[in-house]
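Peer 1: Please find start_23.txt (compact mmCIF, C-alpha atoms) on the next line:
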```txt
# COMPACT_ATOMS: atom_id res chain seq x y z
CA MET A 26 17.36 6.95 46.55
CA GLY A 27 20.34 5.98 48.71
CA VAL A 28 21.53 7.69 51.87
CA ALA A 29 24.61 9.80 51.21
CA SER A 30 25.26 10.75 54.83
CA GLU A 31 23.67 10.42 58.23
CA GLN A 32 24.23 12.29 61.49
CA ARG A 33 22.60 11.31 64.76
CA PHE A 34 21.66 13.82 67.43
CA GLY A 35 21.34 12.08 70.76
CA GLU A 36 19.46 8.78 70.66
CA PHE A 37 16.24 9.87 69.00
CA VAL A 38 16.90 12.23 66.05
CA VAL A 39 18.70 11.62 62.76
CA VAL A 40 19.54 14.01 59.92
CA ARG A 41 20.00 12.32 56.56
CA ARG A 42 21.19 13.56 53.18
CA HIS A 43 20.26 11.53 50.11
CA GLU A 44 22.06 10.78 46.88
CA GLY A 45 20.76 13.00 44.11
CA ARG A 46 19.18 15.41 46.59
CA GLU A 47 22.24 16.91 48.22
CA HIS A 48 20.45 20.15 49.13
CA VAL A 49 17.54 18.44 50.91
CA ALA A 50 17.95 17.41 54.55
CA GLU A 51 15.68 14.79 56.10
CA LEU A 52 15.10 15.39 59.81
CA VAL A 53 13.92 12.06 61.21
CA LEU A 54 12.05 11.60 64.49
CA ASP A 55 13.45 8.25 65.60
CA ARG A 56 12.01 7.07 68.90
CA PRO A 57 9.86 4.23 67.57
CA LYS A 58 9.45 2.38 70.86
CA ALA A 59 7.49 5.37 72.21
CA MET A 60 5.77 6.37 68.93
CA ASN A 61 8.09 9.38 68.94
CA ALA A 62 6.72 10.81 72.18
CA VAL A 63 8.85 13.88 72.88
CA SER A 64 10.87 13.30 76.05
CA THR A 65 13.34 15.80 77.44
CA ALA A 66 16.20 13.99 75.71
CA MET A 67 14.36 13.98 72.41
CA ALA A 68 13.50 17.67 72.75
CA VAL A 69 17.17 18.47 73.28
CA ALA A 70 18.07 16.44 70.19
CA ILE A 71 15.47 18.18 68.01
CA GLY A 72 16.79 21.57 69.10
CA GLU A 73 20.40 20.58 68.41
CA ALA A 74 19.56 19.12 65.01
CA CYS A 75 17.65 22.27 64.02
CA ALA A 76 20.54 24.48 65.11
CA ALA A 77 22.91 22.46 62.92
CA LEU A 78 20.54 22.63 59.93
CA ALA A 79 20.01 26.38 60.35
CA ALA A 80 23.77 26.93 60.25
CA ASP A 81 24.26 24.87 57.08
CA PRO A 82 24.05 27.11 53.98
CA GLY A 83 23.91 24.02 51.75
CA VAL A 84 20.46 23.03 53.00
CA ARG A 85 17.78 24.55 50.77
CA ALA A 86 14.86 22.47 52.09
CA THR A 87 14.24 20.28 55.14
CA VAL A 88 11.75 17.42 55.33
CA LEU A 89 10.52 16.34 58.77
CA THR A 90 9.72 12.61 58.86
CA SER A 91 9.11 9.73 61.27
CA SER A 92 10.71 6.30 61.53
CA HIS A 93 7.59 4.79 63.15
CA GLU A 94 5.20 2.90 60.87
CA ARG A 95 2.00 4.02 62.62
CA ALA A 96 2.79 7.44 63.99
CA PHE A 97 4.41 10.71 63.09
CA CYS A 98 4.56 11.79 66.74
CA VAL A 99 2.10 11.31 69.61
CA GLY A 100 3.17 14.47 71.43
CA ALA A 101 4.80 15.02 74.80
CA ASP A 102 6.05 12.04 76.77
CA LEU A 103 3.31 11.99 79.41
CA LYS A 104 4.90 9.08 81.27
CA GLU A 105 7.98 11.22 81.81
CA ARG A 106 5.86 14.26 82.64
CA ASN A 107 3.95 12.25 85.26
CA SER A 108 7.20 11.67 87.15
CA PHE A 109 8.09 15.38 87.31
CA SER A 110 7.70 17.56 90.35
CA ASP A 111 6.34 21.05 89.70
CA ALA A 112 9.87 22.43 89.91
CA GLU A 113 11.16 19.88 87.40
CA LEU A 114 8.34 20.71 85.00
CA VAL A 115 9.24 24.40 85.17
CA ARG A 116 12.90 23.60 84.51
CA GLN A 117 12.01 21.39 81.55
CA ARG A 118 9.81 23.99 79.85
CA PRO A 119 12.60 25.94 78.06
CA THR A 120 13.98 22.68 76.66
CA ALA A 121 10.57 21.67 75.31
CA ARG A 122 9.98 25.10 73.80
CA ALA A 123 13.38 25.04 72.11
CA ALA A 124 12.42 21.92 70.17
CA TYR A 125 9.29 23.48 68.68
CA THR A 126 10.84 26.88 68.03
CA GLY A 127 13.84 25.13 66.50
CA VAL A 128 11.62 23.70 63.77
CA LEU A 129 9.56 26.89 63.47
CA GLU A 130 12.63 29.10 63.04
CA LEU A 131 14.47 27.02 60.47
CA PRO A 132 15.40 29.59 57.81
CA MET A 133 14.78 27.35 54.80
CA PRO A 134 11.41 25.90 53.69
CA VAL A 135 10.34 22.89 55.76
CA VAL A 136 7.93 20.13 54.70
CA ALA A 137 6.34 17.71 57.18
CA ALA A 138 5.59 14.13 56.10
CA VAL A 139 2.74 12.91 58.31
CA HIS A 140 1.23 9.46 58.65
CA GLY A 141 -0.64 7.80 61.49
CA PHE A 142 -0.98 9.75 64.71
CA ALA A 143 0.15 13.37 64.85
CA LEU A 144 -1.33 14.50 68.12
CA GLY A 145 -0.61 17.29 70.57
CA GLY A 146 3.03 18.22 70.35
CA GLY A 147 3.36 15.93 67.36
CA PHE A 148 0.87 17.96 65.37
CA GLU A 149 2.52 21.14 66.65
CA LEU A 150 5.82 19.99 65.13
CA ALA A 151 3.99 19.61 61.81
CA LEU A 152 2.30 23.00 62.23
CA ALA A 153 5.75 24.56 62.69
CA CYS A 154 6.58 23.47 59.13
CA ASP A 155 5.68 25.46 56.02
CA VAL A 156 3.84 22.66 54.20
CA ILE A 157 2.25 19.48 55.56
CA VAL A 158 2.01 16.39 53.35
CA ALA A 159 -0.17 13.69 54.92
CA ASP A 160 -1.14 10.22 53.84
CA ARG A 161 -4.60 8.73 54.26
CA THR A 162 -3.73 7.06 57.57
CA ALA A 163 -3.07 10.40 59.26
CA VAL A 164 -4.98 11.37 62.39
CA VAL A 165 -4.26 14.85 63.72
CA GLY A 166 -5.40 16.93 66.66
CA LEU A 167 -4.57 19.03 69.69
CA PRO A 168 -6.08 17.10 72.64
CA GLU A 169 -4.24 18.91 75.45
CA VAL A 170 -7.29 20.28 77.26
CA SER A 171 -8.45 16.67 77.76
CA VAL A 172 -5.47 16.13 80.07
CA GLY A 173 -5.66 19.49 81.84
CA VAL A 174 -3.19 21.59 79.91
CA ILE A 175 -3.18 23.60 76.67
CA PRO A 176 -1.24 23.25 73.43
CA GLY A 177 2.15 24.58 74.48
CA GLY A 178 4.30 23.98 71.41
CA GLY A 179 2.80 26.78 69.35
CA GLY A 180 -0.58 25.22 68.66
CA THR A 181 -2.76 28.03 70.02
CA GLN A 182 -0.95 30.46 67.71
CA LEU A 183 -0.17 28.38 64.63
CA LEU A 184 -3.52 26.64 64.23
CA PRO A 185 -5.61 29.86 64.06
CA ARG A 186 -3.18 31.23 61.50
CA ARG A 187 -3.82 28.13 59.41
CA VAL A 188 -7.58 27.64 59.69
CA GLY A 189 -8.97 30.77 61.34
CA ALA A 190 -9.90 31.57 64.93
CA ALA A 191 -13.32 29.89 65.10
CA ARG A 192 -12.24 26.60 63.54
CA ALA A 193 -9.13 26.47 65.72
CA ALA A 194 -11.24 27.15 68.81
CA GLU A 195 -13.58 24.27 67.99
CA LEU A 196 -10.67 21.89 67.47
CA VAL A 197 -8.78 22.92 70.60
CA PHE A 198 -11.81 23.12 72.89
CA THR A 199 -13.24 19.74 71.84
CA ALA A 200 -9.81 18.05 71.82
CA ARG A 201 -11.09 15.90 68.98
CA ARG A 202 -9.04 13.84 66.57
CA VAL A 203 -9.43 14.55 62.87
CA ASP A 204 -8.93 11.95 60.17
CA ALA A 205 -6.93 12.62 57.03
CA ALA A 206 -9.82 13.42 54.69
CA GLU A 207 -11.37 15.99 57.04
CA ALA A 208 -7.93 17.38 57.88
CA ARG A 209 -7.36 18.12 54.20
CA GLU A 210 -10.82 19.62 53.86
CA LEU A 211 -10.27 21.93 56.84
CA GLY A 212 -6.75 22.93 55.79
CA LEU A 213 -5.04 21.19 58.70
CA VAL A 214 -2.81 19.52 56.12
CA ASP A 215 -1.93 20.76 52.65
CA GLU A 216 -1.51 17.67 50.49
CA LEU A 217 -3.20 14.28 50.90
CA VAL A 218 -1.47 11.25 49.35
CA ASP A 219 -2.00 7.51 49.33
CA ALA A 220 -1.11 5.50 52.42
CA GLY A 221 2.61 5.02 52.79
CA ARG A 222 3.50 7.76 50.32
CA ASP A 223 3.87 10.75 52.65
CA ARG A 224 7.64 10.55 53.07
CA GLU A 225 8.37 9.93 49.39
CA GLU A 226 6.06 12.72 48.26
CA ALA A 227 7.41 15.15 50.87
CA LEU A 228 11.01 14.42 49.84
CA ALA A 229 10.05 14.91 46.20
CA LEU A 230 8.48 18.26 47.08
CA GLY A 231 11.62 19.15 49.02
CA GLY A 232 13.64 18.37 45.91
CA ARG A 233 11.49 20.66 43.76
CA ILE A 234 11.87 23.44 46.32
CA ALA A 235 15.63 22.92 46.58
CA ALA A 236 16.07 23.40 42.83
CA ASN A 237 15.48 27.11 43.40
CA SER A 238 17.75 29.86 44.71
CA PRO A 239 18.76 29.30 48.34
CA VAL A 240 19.02 33.06 48.82
CA GLY A 241 15.58 33.57 47.32
CA LEU A 242 14.00 30.73 49.32
CA ARG A 243 15.22 32.01 52.66
CA ALA A 244 14.28 35.60 51.88
CA ALA A 245 10.80 34.60 50.70
CA LYS A 246 10.21 32.57 53.86
CA ARG A 247 11.46 35.42 56.02
CA ALA A 248 9.16 37.90 54.28
CA MET A 249 6.11 35.66 54.65
CA ARG A 250 6.80 34.85 58.29
CA LEU A 251 7.59 38.42 59.36
CA GLY A 252 4.81 39.96 57.33
CA HIS A 253 2.04 37.64 58.52
CA GLY A 254 -0.43 39.50 60.71
CA LEU A 255 0.82 42.96 59.80
CA ASP A 256 -1.40 45.42 57.97
CA LEU A 257 -0.80 45.53 54.22
CA ARG A 258 1.35 48.66 54.21
CA ALA A 259 3.68 47.28 56.90
CA GLY A 260 3.75 43.88 55.22
CA LEU A 261 4.83 45.42 51.94
CA GLU A 262 7.70 47.15 53.74
CA VAL A 263 8.80 43.75 55.07
CA GLU A 264 8.62 42.41 51.53
CA ASP A 265 10.63 45.33 50.17
CA ALA A 266 13.37 44.77 52.74
CA ALA A 267 13.53 41.10 51.78
CA TRP A 268 13.65 42.03 48.09
CA ARG A 269 16.55 44.41 48.70
CA SER A 270 18.42 41.61 50.47
CA VAL A 271 18.35 39.47 47.33
CA ALA A 272 18.22 41.99 44.47
CA PHE A 273 21.98 42.40 44.26
CA SER A 274 22.94 38.85 45.22
CA GLY A 275 24.96 36.39 43.21
CA ASP A 276 21.89 34.16 43.01
CA ARG A 277 19.87 36.93 41.34
CA ALA A 278 22.61 37.53 38.78
CA GLU A 279 22.93 33.80 38.08
CA GLY A 280 19.17 33.30 37.87
CA VAL A 281 18.71 36.06 35.29
CA ALA A 282 21.73 34.89 33.28
CA ALA A 283 20.54 31.26 33.28
CA PHE A 284 17.06 32.31 32.16
CA ASN A 285 18.42 34.31 29.25
CA GLU A 286 20.89 31.59 28.29
CA LYS A 287 18.18 28.90 28.56
CA ARG A 288 20.15 26.74 30.97
CA LYS A 289 19.79 25.37 34.47
CA PRO A 290 21.13 27.83 37.07
CA SER A 291 24.14 26.98 39.20
CA TRP A 292 23.31 28.86 42.39
CA PRO A 293 26.24 30.43 44.23
CA GLY A 294 24.04 30.67 47.33
CA GLU A 295 25.07 34.21 48.17
```
Could you take the file, read its structure, and then write that structure out as structure tokens?

Peer 2:
Amino acid sequence: MGVASEQRFGEFVVVRRHEGREHVAELVLDRPKAMNAVSTAMAVAIGEACAALAADPGVRATVLTSSHERAFCVGADLKERNSFSDAELVRQRPTARAAYTGVLELPMPVVAAVHGFALGGGFELALACDVIVADRTAVVGLPEVSVGVIPGGGGTQLLPRRVGAARAAELVFTARRVDAAEARELGLVDELVDAGRDREEALALGGRIAANSPVGLRAAKRAMRLGHGLDLRAGLEVEDAAWRSVAFSGDRAEGVAAFNEKRKPSWPGE
């Protein structure tokens, strides 16, 4: 699978498109010398890359990967943080938040490919994705309370939604690291694959997702995200609004026609 195009955002983030998977974007964390620790510059780059992806109607699925052999992302750059004054830390906070919300608010389905360490903000980047594929080397966790802070990239909200309040509390309060097998058992990751296969399997999953209607994919994600946490009646209203947004689309017409004509659909994406 060759690289069809590549765009770099700052020094530490790359977006790739691959031959044969033109509707799948690979968002690569590329700060290998620091095991992808998220510095201010890297946070800016993640936010900018996500904004570009969100604005691209040709992207039907995004896969978040790492260029480091032994880590997905080890979280915030604590060396940089240690040099900040209180005022500088306050000023940096919106930039850091924008990186995590950038991933979380991508309108298309997003798959994380995790291997090695995914700790703190690194695991929060994975939690911001819709599906997490991990290989057997993965070690995940939210250890922030062990250094005097709390998960601040969405972890206190996303983890309970994934595994329930009590399990999330145990994981956050103990700050413990969880190996791949237990992570799969607890639902911290969704698919467990052989070592070294996380990226390939995540890209393959992205390809299967991207074969479907881009209008339908974005509407389904919107309905699930907006409806989560609502009571059933309110959630069904969210679903109905999303259905109405696609029911008269070109994609719906093409999908029904392709089904009846027993052919592969050619999605107009509108």

Peer 1: Rank nothing, just name the residue among A:Ala76, A:His93, A:Ala123, A:Pro82 nearest to Phe37 of chain A, using all atoms listed in the file.

Peer 2: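 Among A:Ala76, A:His93, A:Ala123, A:Pro82, it is A:His93 that comes nearest to Phe37 of chain A.
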
Peer 1: Show which residues sit within 9 Å of Asp219 of chain A, as a list of chain:residue names. Count all atoms listed in the file, and ignore same-chain residues fewer than 6 positions away.

Peer 2: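 Residues meeting the cut-off are A:Ala159, A:Asp160, A:Arg161, A:Thr162.
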
Peer 1: Could you check the closest approach to Ala200 of chain A for each of A:Thr126, A:Thr181, A:Gln117, A:Ser171 and tell me which residue wins, using all atoms listed in the file?

Peer 2: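 The shortest atom-to-atom distance to Ala200 of chain A comes from A:Ser171.
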
Peer 1: What does the distance from atom CA of Thr87 of chain A to atom CA of Gly232 of chain A come to in Å, to one decimal?

Peer 2: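 Straight-line distance from atom CA of Thr87 of chain A to atom CA of Gly232 of chain A works out to 9.4 Å.
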
Peer 1: Please return the centre and edge lengths, in Å to one decimal, of a box with edges along x, y and z that contains all listed atoms of segment 89-98 of chain A, widened by 6 Å on every side, as lines of an AutoDock Vina configuration file.

Peer 2:
```
center_x = 6.4
center_y = 9.6
center_z = 62.8
size_x = 20.7
size_y = 25.4
size_z = 20.0
```

Peer 1: As an exercise, work out the distance from atom CA of Val99 of chain A to atom CA of Ala50 of chain A in Å and give it to one decimal place.

Peer 2: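 Taking atom CA of Val99 of chain A and atom CA of Ala50 of chain A, their separation equals 22.7 Å.
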
Peer 1: Please provide the set of residues having any atom within 6 Å of Ala62 of chain A, restricted to all atoms listed in the file, with same-chain residues fewer than 2 positions apart removed, written as a ChimeraX atom specification.

Peer 2: /A:59-60,98-102

Peer 1: Point out the residue among A:Arg243, A:Arg202, A:His253, A:Arg224 with the least atom-to-atom distance to Val271 of chain A, counting only C-alpha atoms.

Peer 2: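 Of A:Arg243, A:Arg202, A:His253, A:Arg224, the one nearest Val271 of chain A, counting only C-alpha atoms, is A:Arg243.
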
Peer 1: So what do you get for atom CA of Arg201 of chain A versus atom CA of Ile157 of chain A, distance-wise?

Peer 2: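 Between atom CA of Arg201 of chain A and atom CA of Ile157 of chain A the gap works out to 19.3 Å.
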
Peer 1: From the list A:Phe109, A:Arg209, A:Ala121, A:Leu228, which residue is nearest Ala66 of chain A when using only C-alpha atoms?

Peer 2: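 Using only C-alpha atoms, the shortest distance to Ala66 of chain A belongs to A:Ala121.
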
Peer 1: From the list A:Glu216, A:Gly146, A:Val84, A:Arg269, which residue is nearest Leu230 of chain A when using only C-alpha atoms?

Peer 2: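 Between A:Glu216, A:Gly146, A:Val84, A:Arg269, the residue approaching Leu230 of chain A most closely is A:Glu216.
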
Peer 1: Find the residue from A:Asp215, A:Glu149, A:His43, A:Val158 that sits nearest to Leu183 of chain A; use all atoms listed in the file when measuring.

Peer 2: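 Of all the options, A:Glu149 lies closest to Leu183 of chain A.
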
Peer 1: Select, counting only C-alpha atoms, all protein, DNA and RNA residues no farther than 6 Å from (4.7, 20.4, 64.9) in file coordinates, and express the selection as a ChimeraX atom specification.

Peer 2: /A:147-153

Peer 1: Hey, what's within 9 Å of Val28 of chain A if we count only C-alpha atoms and toss same-chain stuff fewer than 2 positions away? As a ChimeraX atom specification, please?

Peer 2: /A:26,30-31,41-44

Peer 1: Just want the 9 Å neighbourhood of Val53 of chain A, counted on only C-alpha atoms, with same-chain residues fewer than 4 positions away dropped. Output as JSON, numbers by chain.

Peer 2: {"A": [37, 38, 39, 40, 41, 88, 89, 90, 91, 92]}

Peer 1: Which neighbours of Ala74 of chain A fall inside 10 Å, counting all atoms listed in the file, when residues of the same chain fewer than 5 positions from it are skipped, and could you give them as a PyMOL selection string?

Peer 2: chain A and resi 32-35+38-40+52-53+68-69+79+124+127-128

Peer 1: Since the input is missing atoms for segment 230-254 of chain A, could you rebuild it with N, CA and C atoms and give the result as a compact mmCIF listing (two decimals), in the frame of the given file?

Peer 2:
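Heads up, here's the output in result.txt:
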```txt
# COMPACT_ATOMS: atom_id res chain seq x y z
N LEU A 230 8.80 16.83 47.01
CA LEU A 230 8.48 18.26 47.08
C LEU A 230 9.69 19.05 47.56
N GLY A 231 10.40 18.50 48.56
CA GLY A 231 11.62 19.15 49.02
C GLY A 231 12.64 19.31 47.90
N GLY A 232 12.73 18.30 47.04
CA GLY A 232 13.64 18.37 45.91
C GLY A 232 13.25 19.46 44.92
N ARG A 233 11.94 19.60 44.68
CA ARG A 233 11.49 20.66 43.76
C ARG A 233 11.77 22.04 44.35
N ILE A 234 11.57 22.17 45.65
CA ILE A 234 11.87 23.44 46.32
C ILE A 234 13.37 23.75 46.23
N ALA A 235 14.18 22.72 46.50
CA ALA A 235 15.63 22.92 46.58
C ALA A 235 16.28 23.22 45.24
N ALA A 236 15.53 23.05 44.15
CA ALA A 236 16.07 23.40 42.83
C ALA A 236 16.16 24.91 42.65
N ASN A 237 15.52 25.66 43.52
CA ASN A 237 15.48 27.11 43.40
C ASN A 237 16.58 27.79 44.23
N SER A 238 16.68 29.09 44.06
CA SER A 238 17.75 29.86 44.71
C SER A 238 17.68 29.77 46.23
N PRO A 239 18.77 29.33 46.87
CA PRO A 239 18.76 29.30 48.34
C PRO A 239 18.61 30.69 48.96
N VAL A 240 19.18 31.69 48.33
CA VAL A 240 19.02 33.06 48.82
C VAL A 240 17.57 33.49 48.68
N GLY A 241 16.97 33.21 47.53
CA GLY A 241 15.58 33.57 47.32
C GLY A 241 14.64 32.82 48.25
N LEU A 242 14.86 31.53 48.45
CA LEU A 242 14.00 30.73 49.32
C LEU A 242 13.98 31.27 50.74
N ARG A 243 15.16 31.54 51.28
CA ARG A 243 15.22 32.01 52.66
C ARG A 243 14.61 33.41 52.80
N ALA A 244 14.84 34.25 51.82
CA ALA A 244 14.28 35.60 51.88
C ALA A 244 12.76 35.56 51.75
N ALA A 245 12.25 34.72 50.87
CA ALA A 245 10.80 34.60 50.70
C ALA A 245 10.14 34.08 51.98
N LYS A 246 10.76 33.09 52.61
CA LYS A 246 10.21 32.57 53.86
C LYS A 246 10.24 33.64 54.94
N ARG A 247 11.34 34.36 55.02
CA ARG A 247 11.46 35.42 56.02
C ARG A 247 10.38 36.48 55.82
N ALA A 248 10.16 36.87 54.57
CA ALA A 248 9.16 37.90 54.28
C ALA A 248 7.76 37.42 54.66
N MET A 249 7.44 36.18 54.32
CA MET A 249 6.11 35.66 54.65
C MET A 249 5.91 35.53 56.15
N ARG A 250 6.92 35.03 56.84
CA ARG A 250 6.80 34.85 58.29
C ARG A 250 6.70 36.19 59.02
N LEU A 251 7.58 37.14 58.67
CA LEU A 251 7.59 38.42 59.36
C LEU A 251 6.40 39.28 59.00
N GLY A 252 5.91 39.13 57.77
CA GLY A 252 4.81 39.96 57.33
C GLY A 252 3.44 39.47 57.75
N HIS A 253 3.35 38.20 58.16
CA HIS A 253 2.04 37.64 58.52
C HIS A 253 1.46 38.38 59.73
N GLY A 254 0.23 38.82 59.60
CA GLY A 254 -0.43 39.50 60.71
C GLY A 254 -0.26 41.01 60.71
```
